[in-house]
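Report on the following structure.
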Amino acid sequence: MGTQIKKCAIISGAPEENLSYYSKYLRGRYIICADSGYKKCLCFGASPDLIIGDFDSSECPNPDCELVTLNPRKDYTDTFHCVMEAVERGYNDIIILGGIGSRLDHTYSNILSVVYCFERKIACSLINEKNVLSVVSGETVIKKGDFKYFSLFALFEKCEGLSIIGAEYDLDCVDVEPSAQLTQSNEFKNDEVKIVINKGKIILILSND
């Protein structure tokens with residue numbers, strides 16, 4: 001038998017004007033809120049299962065769910081604490097909602113959380129209303145769905161033998177350096193695109209903006 005899929009959604013506190021997109025992602029997932037992310041959960045009408053935070057910038061809640069209070073003088077962000085806790089509890093399909101905001105340092109930290117999961121063979125995506133970011137290697141098939149564009153960026157080191165099949169702009173076994181931008185804003189030609197990487201890993205961003 002294969003590994004059981006345990007799904008978790010982490011709601012971070014980055015400001016967002018529209019939360020309606022949450023509805024298609026939360027169903028069937030254990031919900032962890034990072035600090036003020038619990039306010040989004042309440043506004044949306046969902047019930048968190050766990051809240052983790054230091055509450056240095058928001059009022060500490062008195063919820064009907066499990067609450068973990070962190071010391072504000074800590075090494076990691078509230079969201080990363082949520083990610084580590086989700087991994088510790090055995091969740092292997094994780095999405096982070098509301099983690100792309102105006103604070104670039106926080107956004108990049110959340111991208112590194114996706115990398116952290118990838119390195120542990122855990123599926124993880126960073127999602128907002130217009131984008132879905134993940135890390136992939138080997139062979140991956142992506143579906144158009146609601147997305148018009150997809151972009152690929154070599155992560156930390158050269159990506160060797162990158163092929164893109166079924167896109168508006170295909171590639172055939174090309175090496176891509178981390179600073180290269182030739183694989184940005186590609187488009188779907190068909191409903192599916194195959195991405196093949198011989199060595200290395202890439203950041204994959206699906207966009208509908």
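Residue numbers start at 1 in each chain; chains themselves are named A, B, ... in the order of the structure tokens; ligands are numbered from 1 in the order shown.
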
**Prompt:** DSSP on the backbone: what in range 6-201 of chain A comes out strand (DSSP E), as a ChimeraX atom specification?
**Reply:** /A:7-11,30-34,50-53,66-69,93-97,123-127,131-136,139-143,149-154,159-165,171-176,186-187,192-199

Spatial neighbours of range 162-172 of chain A, 12 Å, only C-alpha atoms, chain gap at least 5 places, as an mmCIF file with N, CA, C and O atoms, in the first residue's frame:
data_model
loop_
_atom_site.group_PDB
_atom_site.id
_atom_site.type_symbol
_atom_site.label_atom_id
_atom_site.label_comp_id
_atom_site.auth_asym_id
_atom_site.auth_seq_id
_atom_site.Cartn_x
_atom_site.Cartn_y
_atom_site.Cartn_z
ATOM 1 N N VAL A 136 9.780 21.632 -7.963
ATOM 2 C CA VAL A 136 9.681 20.328 -8.618
ATOM 3 C C VAL A 136 11.034 19.904 -9.171
ATOM 4 O O VAL A 136 11.935 20.725 -9.379
ATOM 5 N N SER A 137 11.156 18.611 -9.409
ATOM 6 C CA SER A 137 12.332 18.048 -10.074
ATOM 7 C C SER A 137 11.874 16.812 -10.836
ATOM 8 O O SER A 137 10.709 16.400 -10.745
ATOM 9 N N GLY A 138 12.794 16.188 -11.588
ATOM 10 C CA GLY A 138 12.421 14.991 -12.335
ATOM 11 C C GLY A 138 11.423 15.308 -13.429
ATOM 12 O O GLY A 138 11.618 16.225 -14.221
ATOM 13 N N GLU A 139 10.332 14.552 -13.462
ATOM 14 C CA GLU A 139 9.296 14.737 -14.489
ATOM 15 C C GLU A 139 7.999 15.181 -13.822
ATOM 16 O O GLU A 139 7.535 14.563 -12.863
ATOM 17 N N THR A 140 7.415 16.246 -14.332
ATOM 18 C CA THR A 140 6.193 16.813 -13.770
ATOM 19 C C THR A 140 5.233 17.173 -14.895
ATOM 20 O O THR A 140 5.647 17.717 -15.918
ATOM 21 N N VAL A 141 3.960 16.886 -14.706
ATOM 22 C CA VAL A 141 2.919 17.306 -15.642
ATOM 23 C C VAL A 141 2.067 18.362 -14.951
ATOM 24 O O VAL A 141 1.546 18.131 -13.851
ATOM 25 N N ILE A 142 1.934 19.528 -15.561
ATOM 26 C CA ILE A 142 1.109 20.590 -14.996
ATOM 27 C C ILE A 142 -0.113 20.784 -15.878
ATOM 28 O O ILE A 142 -0.060 20.626 -17.091
ATOM 29 N N LYS A 143 -1.230 21.120 -15.235
ATOM 30 C CA LYS A 143 -2.499 21.291 -15.939
ATOM 31 C C LYS A 143 -2.863 22.772 -16.001
ATOM 32 O O LYS A 143 -2.648 23.515 -15.043
ATOM 33 N N LYS A 144 -3.429 23.163 -17.112
ATOM 34 C CA LYS A 144 -3.766 24.574 -17.332
ATOM 35 C C LYS A 144 -4.782 25.064 -16.307
ATOM 36 O O LYS A 144 -4.557 26.070 -15.648
ATOM 37 N N LYS A 148 -3.119 30.856 -17.012
ATOM 38 C CA LYS A 148 -2.700 31.172 -18.371
ATOM 39 C C LYS A 148 -1.192 31.023 -18.538
ATOM 40 O O LYS A 148 -0.704 30.579 -19.576
ATOM 41 N N TYR A 149 -0.439 31.396 -17.499
ATOM 42 C CA TYR A 149 1.009 31.426 -17.591
ATOM 43 C C TYR A 149 1.649 30.450 -16.610
ATOM 44 O O TYR A 149 1.079 30.104 -15.575
ATOM 45 N N PHE A 150 2.889 30.048 -16.931
ATOM 46 C CA PHE A 150 3.721 29.362 -15.959
ATOM 47 C C PHE A 150 5.160 29.809 -16.166
ATOM 48 O O PHE A 150 5.591 30.097 -17.282
ATOM 49 N N SER A 151 5.891 29.896 -15.061
ATOM 50 C CA SER A 151 7.294 30.310 -15.099
ATOM 51 C C SER A 151 8.134 29.301 -14.334
ATOM 52 O O SER A 151 7.677 28.710 -13.349
ATOM 53 N N LEU A 152 9.368 29.119 -14.799
ATOM 54 C CA LEU A 152 10.304 28.186 -14.182
ATOM 55 C C LEU A 152 11.600 28.926 -13.864
ATOM 56 O O LEU A 152 12.106 29.675 -14.698
ATOM 57 N N PHE A 153 12.155 28.692 -12.669
ATOM 58 C CA PHE A 153 13.420 29.294 -12.287
ATOM 59 C C PHE A 153 14.281 28.237 -11.608
ATOM 60 O O PHE A 153 13.827 27.573 -10.663
ATOM 61 N N ALA A 154 15.516 28.088 -12.085
ATOM 62 C CA ALA A 154 16.436 27.157 -11.441
ATOM 63 C C ALA A 154 16.650 27.578 -9.994
ATOM 64 O O ALA A 154 16.868 28.760 -9.707
ATOM 65 N N GLU A 177 20.739 28.370 -15.811
ATOM 66 C CA GLU A 177 21.411 28.892 -14.621
ATOM 67 C C GLU A 177 20.394 29.572 -13.696
ATOM 68 O O GLU A 177 19.333 30.026 -14.151
ATOM 69 N N LEU A 182 14.909 33.037 -19.169
ATOM 70 C CA LEU A 182 14.302 32.660 -20.435
ATOM 71 C C LEU A 182 13.057 31.799 -20.263
ATOM 72 O O LEU A 182 12.281 31.626 -21.207
ATOM 73 N N THR A 183 12.837 31.253 -19.069
ATOM 74 C CA THR A 183 11.676 30.389 -18.847
ATOM 75 C C THR A 183 10.581 31.100 -18.050
ATOM 76 O O THR A 183 9.751 30.461 -17.411
ATOM 77 N N GLN A 184 10.559 32.404 -18.100
ATOM 78 C CA GLN A 184 9.518 33.174 -17.418
ATOM 79 C C GLN A 184 8.343 33.432 -18.354
ATOM 80 O O GLN A 184 8.515 33.662 -19.547
ATOM 81 N N SER A 185 7.130 33.374 -17.800
ATOM 82 C CA SER A 185 5.892 33.736 -18.500
ATOM 83 C C SER A 185 5.682 32.945 -19.786
ATOM 84 O O SER A 185 5.361 33.513 -20.831
ATOM 85 N N ASN A 186 5.872 31.635 -19.697
ATOM 86 C CA ASN A 186 5.495 30.753 -20.796
ATOM 87 C C ASN A 186 3.984 30.576 -20.767
ATOM 88 O O ASN A 186 3.328 30.907 -19.775
ATOM 89 N N GLU A 187 3.415 30.029 -21.832
ATOM 90 C CA GLU A 187 1.961 29.844 -21.903
ATOM 91 C C GLU A 187 1.627 28.410 -22.293
ATOM 92 O O GLU A 187 2.399 27.726 -22.963
ATOM 93 N N PHE A 188 0.459 27.966 -21.861
ATOM 94 C CA PHE A 188 -0.044 26.649 -22.226
ATOM 95 C C PHE A 188 -0.521 26.661 -23.672
ATOM 96 O O PHE A 188 -1.281 27.539 -24.069
ATOM 97 N N LYS A 189 -0.090 25.683 -24.449
ATOM 98 C CA LYS A 189 -0.637 25.484 -25.784
ATOM 99 C C LYS A 189 -1.801 24.500 -25.719
ATOM 100 O O LYS A 189 -2.791 24.627 -26.435
ATOM 101 N N ASN A 190 -1.658 23.502 -24.833
ATOM 102 C CA ASN A 190 -2.687 22.488 -24.629
ATOM 103 C C ASN A 190 -3.128 22.521 -23.171
ATOM 104 O O ASN A 190 -2.713 23.393 -22.401
ATOM 105 N N ASP A 191 -3.941 21.566 -22.775
ATOM 106 C CA ASP A 191 -4.416 21.520 -21.395
ATOM 107 C C ASP A 191 -3.337 21.072 -20.422
ATOM 108 O O ASP A 191 -3.431 21.323 -19.227
ATOM 109 N N GLU A 192 -2.325 20.364 -20.943
ATOM 110 C CA GLU A 192 -1.255 19.868 -20.094
ATOM 111 C C GLU A 192 0.102 20.214 -20.692
ATOM 112 O O GLU A 192 0.265 20.282 -21.904
ATOM 113 N N VAL A 193 1.079 20.433 -19.809
ATOM 114 C CA VAL A 193 2.464 20.648 -20.209
ATOM 115 C C VAL A 193 3.338 19.706 -19.389
ATOM 116 O O VAL A 193 3.150 19.570 -18.175
ATOM 117 N N LYS A 194 4.282 19.047 -20.071
ATOM 118 C CA LYS A 194 5.219 18.174 -19.368
ATOM 119 C C LYS A 194 6.547 18.907 -19.184
ATOM 120 O O LYS A 194 7.072 19.528 -20.117
ATOM 121 N N ILE A 195 7.072 18.827 -17.959
ATOM 122 C CA ILE A 195 8.369 19.423 -17.634
ATOM 123 C C ILE A 195 9.293 18.291 -17.196
ATOM 124 O O ILE A 195 8.947 17.505 -16.303
ATOM 125 N N VAL A 196 10.457 18.218 -17.822
ATOM 126 C CA VAL A 196 11.428 17.177 -17.500
ATOM 127 C C VAL A 196 12.753 17.837 -17.120
ATOM 128 O O VAL A 196 13.243 18.720 -17.839
ATOM 129 N N ILE A 197 13.316 17.409 -15.988
ATOM 130 C CA ILE A 197 14.589 17.946 -15.511
ATOM 131 C C ILE A 197 15.529 16.768 -15.271
ATOM 132 O O ILE A 197 15.216 15.857 -14.494
ATOM 133 N N ASN A 198 16.671 16.788 -15.929
ATOM 134 C CA ASN A 198 17.634 15.703 -15.741
ATOM 135 C C ASN A 198 18.376 15.811 -14.420
ATOM 136 O O ASN A 198 18.676 14.806 -13.776
ATOM 137 N N LYS A 199 18.685 17.044 -14.003
ATOM 138 C CA LYS A 199 19.399 17.248 -12.745
ATOM 139 C C LYS A 199 19.073 18.620 -12.194
ATOM 140 O O LYS A 199 19.088 19.609 -12.932
ATOM 141 N N GLY A 200 18.793 18.693 -10.901
ATOM 142 C CA GLY A 200 18.492 19.959 -10.252
ATOM 143 C C GLY A 200 17.017 20.085 -9.926
ATOM 144 O O GLY A 200 16.242 19.149 -10.082
ATOM 145 N N LYS A 201 16.635 21.250 -9.475
ATOM 146 C CA LYS A 201 15.247 21.515 -9.101
ATOM 147 C C LYS A 201 14.890 22.930 -9.519
ATOM 148 O O LYS A 201 15.755 23.794 -9.661
ATOM 149 N N ILE A 202 13.594 23.152 -9.702
ATOM 150 C CA ILE A 202 13.136 24.459 -10.166
ATOM 151 C C ILE A 202 11.967 24.947 -9.313
ATOM 152 O O ILE A 202 11.237 24.151 -8.718
#

**Message:** Applying 9 Å and only C-alpha atoms, which residues near Cys117 in chain A remain after dropping the ones on its own chain fewer than 4 positions away? List them as a PyMOL selection string.
**Reply:** chain A and resi 83-84+87+92+94+112-113+121-124

**Request:** Might you pull out every residue within 10 Å of range 63-74 of chain A, with only C-alpha atoms counted and same-chain residues fewer than 3 positions away left off, and present them as a list in words?
**Result:** Ile32, Cys33, Ala34, Asp35, Tyr38, Ser47, Pro48, Asp49, Leu50, Ile51, Ile52, Gly53, Asp54, Phe55, Asp56, Ser57, Cys60, Thr77, Asp78, His81 and Cys82 of chain A

**Prompt:** What is the CA of Leu19 in chain A to CA of Ser109 in chain A distance in Å?
**Reply:**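 About the pair CA of Leu19 in chain A and CA of Ser109 in chain A: they are 21.6 Å apart.
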
**Item:** Counting only C-alpha atoms, the residue of A:Gly45, A:Ala14, A:Ala9, A:Ser23 that sits nearest Asp105 in chain A
**Value:**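 The shortest atom-to-atom distance to Asp105 in chain A comes from A:Ala14.
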
**Prompt:** Using only C-alpha atoms, which of the listed residues (A:Tyr22, A:Phe147, A:Tyr76, A:Phe156) sits closest to Cys41 in chain A?
**Reply:**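 Closest candidate: A:Tyr22.
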
**Item:** Atomic separation - CA of Thr3 in chain A relative to CA of Gly90 in chain A, Å
**Value:**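 Atom-to-atom, CA of Gly90 in chain A and CA of Thr3 in chain A are spaced 10.8 Å apart.
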
**Request:** Quote the spacing between CA of Ala86 in chain A and CA of Ser134 in chain A in Å to one decimal place.
**Result:**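 So the two atoms, CA of Ala86 in chain A and CA of Ser134 in chain A, lie 17.1 Å apart.
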
**Prompt:** DSSP says alpha helix (DSSP H) for which residues of range 3-123 of chain A? Put them as a PyMOL selection string?
**Reply:** chain A and resi 23-26+37-44+78-88+104-119

**Asked** What's the 8 Å shell around Asn131 in chain A, counting only C-alpha atoms, without same-chain residues fewer than 3 positions away, as a PyMOL selection string?
**Response** chain A and resi 127-128+205-209

Write a file of the just-selected residues containing all heavy atoms, as an mmCIF file, in the first residue's frame.
data_model
loop_
_atom_site.group_PDB
_atom_site.id
_atom_site.type_symbol
_atom_site.label_atom_id
_atom_site.label_comp_id
_atom_site.auth_asym_id
_atom_site.auth_seq_id
_atom_site.Cartn_x
_atom_site.Cartn_y
_atom_site.Cartn_z
ATOM 1 N N ILE A 127 0.352 29.736 -2.023
ATOM 2 C CA ILE A 127 -0.776 30.111 -2.875
ATOM 3 C C ILE A 127 -1.356 31.466 -2.462
ATOM 4 O O ILE A 127 -1.536 31.744 -1.269
ATOM 5 C CB ILE A 127 -1.893 29.036 -2.787
ATOM 6 C CG1 ILE A 127 -1.345 27.667 -3.229
ATOM 7 C CG2 ILE A 127 -3.105 29.428 -3.608
ATOM 8 C CD1 ILE A 127 -2.305 26.522 -2.954
ATOM 9 N N ASN A 128 -1.643 32.296 -3.465
ATOM 10 C CA ASN A 128 -2.525 33.439 -3.230
ATOM 11 C C ASN A 128 -3.586 33.459 -4.320
ATOM 12 O O ASN A 128 -3.745 32.487 -5.061
ATOM 13 C CB ASN A 128 -1.745 34.758 -3.128
ATOM 14 C CG ASN A 128 -1.170 35.234 -4.450
ATOM 15 O OD1 ASN A 128 -1.293 34.581 -5.487
ATOM 16 N ND2 ASN A 128 -0.529 36.400 -4.418
ATOM 17 N N ILE A 205 5.962 28.420 -11.000
ATOM 18 C CA ILE A 205 4.916 29.381 -10.621
ATOM 19 C C ILE A 205 3.825 29.354 -11.689
ATOM 20 O O ILE A 205 4.086 29.656 -12.862
ATOM 21 C CB ILE A 205 5.474 30.803 -10.481
ATOM 22 C CG1 ILE A 205 6.605 30.839 -9.438
ATOM 23 C CG2 ILE A 205 4.359 31.769 -10.081
ATOM 24 C CD1 ILE A 205 7.299 32.184 -9.340
ATOM 25 N N LEU A 206 2.624 29.013 -11.285
ATOM 26 C CA LEU A 206 1.447 29.104 -12.140
ATOM 27 C C LEU A 206 0.753 30.431 -11.836
ATOM 28 O O LEU A 206 0.545 30.772 -10.667
ATOM 29 C CB LEU A 206 0.481 27.941 -11.864
ATOM 30 C CG LEU A 206 1.036 26.533 -12.132
ATOM 31 C CD1 LEU A 206 0.097 25.496 -11.522
ATOM 32 C CD2 LEU A 206 1.192 26.298 -13.608
ATOM 33 N N SER A 207 0.376 31.171 -12.896
ATOM 34 C CA SER A 207 -0.205 32.495 -12.699
ATOM 35 C C SER A 207 -1.451 32.681 -13.554
ATOM 36 O O SER A 207 -1.504 32.202 -14.691
ATOM 37 C CB SER A 207 0.808 33.585 -13.059
ATOM 38 O OG SER A 207 1.989 33.468 -12.287
ATOM 39 N N ASN A 208 -2.431 33.386 -12.996
ATOM 40 C CA ASN A 208 -3.638 33.705 -13.771
ATOM 41 C C ASN A 208 -3.901 35.198 -13.807
ATOM 42 O O ASN A 208 -5.006 35.638 -14.068
ATOM 43 C CB ASN A 208 -4.857 32.949 -13.231
ATOM 44 C CG ASN A 208 -5.191 33.306 -11.798
ATOM 45 O OD1 ASN A 208 -4.589 34.215 -11.207
ATOM 46 N ND2 ASN A 208 -6.147 32.600 -11.195
ATOM 47 N N ASP A 209 -2.890 35.987 -13.538
ATOM 48 C CA ASP A 209 -3.023 37.443 -13.522
ATOM 49 C C ASP A 209 -2.901 37.974 -14.955
ATOM 50 O O ASP A 209 -1.913 37.678 -15.628
ATOM 51 C CB ASP A 209 -1.939 38.048 -12.639
ATOM 52 C CG ASP A 209 -2.216 39.505 -12.346
ATOM 53 O OD1 ASP A 209 -3.087 40.090 -12.997
ATOM 54 O OD2 ASP A 209 -1.549 40.065 -11.457
#

**Request:** Excluding Thr107 in chain A and any residue of its chain fewer than 4 positions from it, enumerate the residues within 12 Å of it, using only C-alpha atoms, and give them as a ChimeraX atom specification.
**Result:** /A:12-15,77,79-80,96-103,111-114,126-128,133
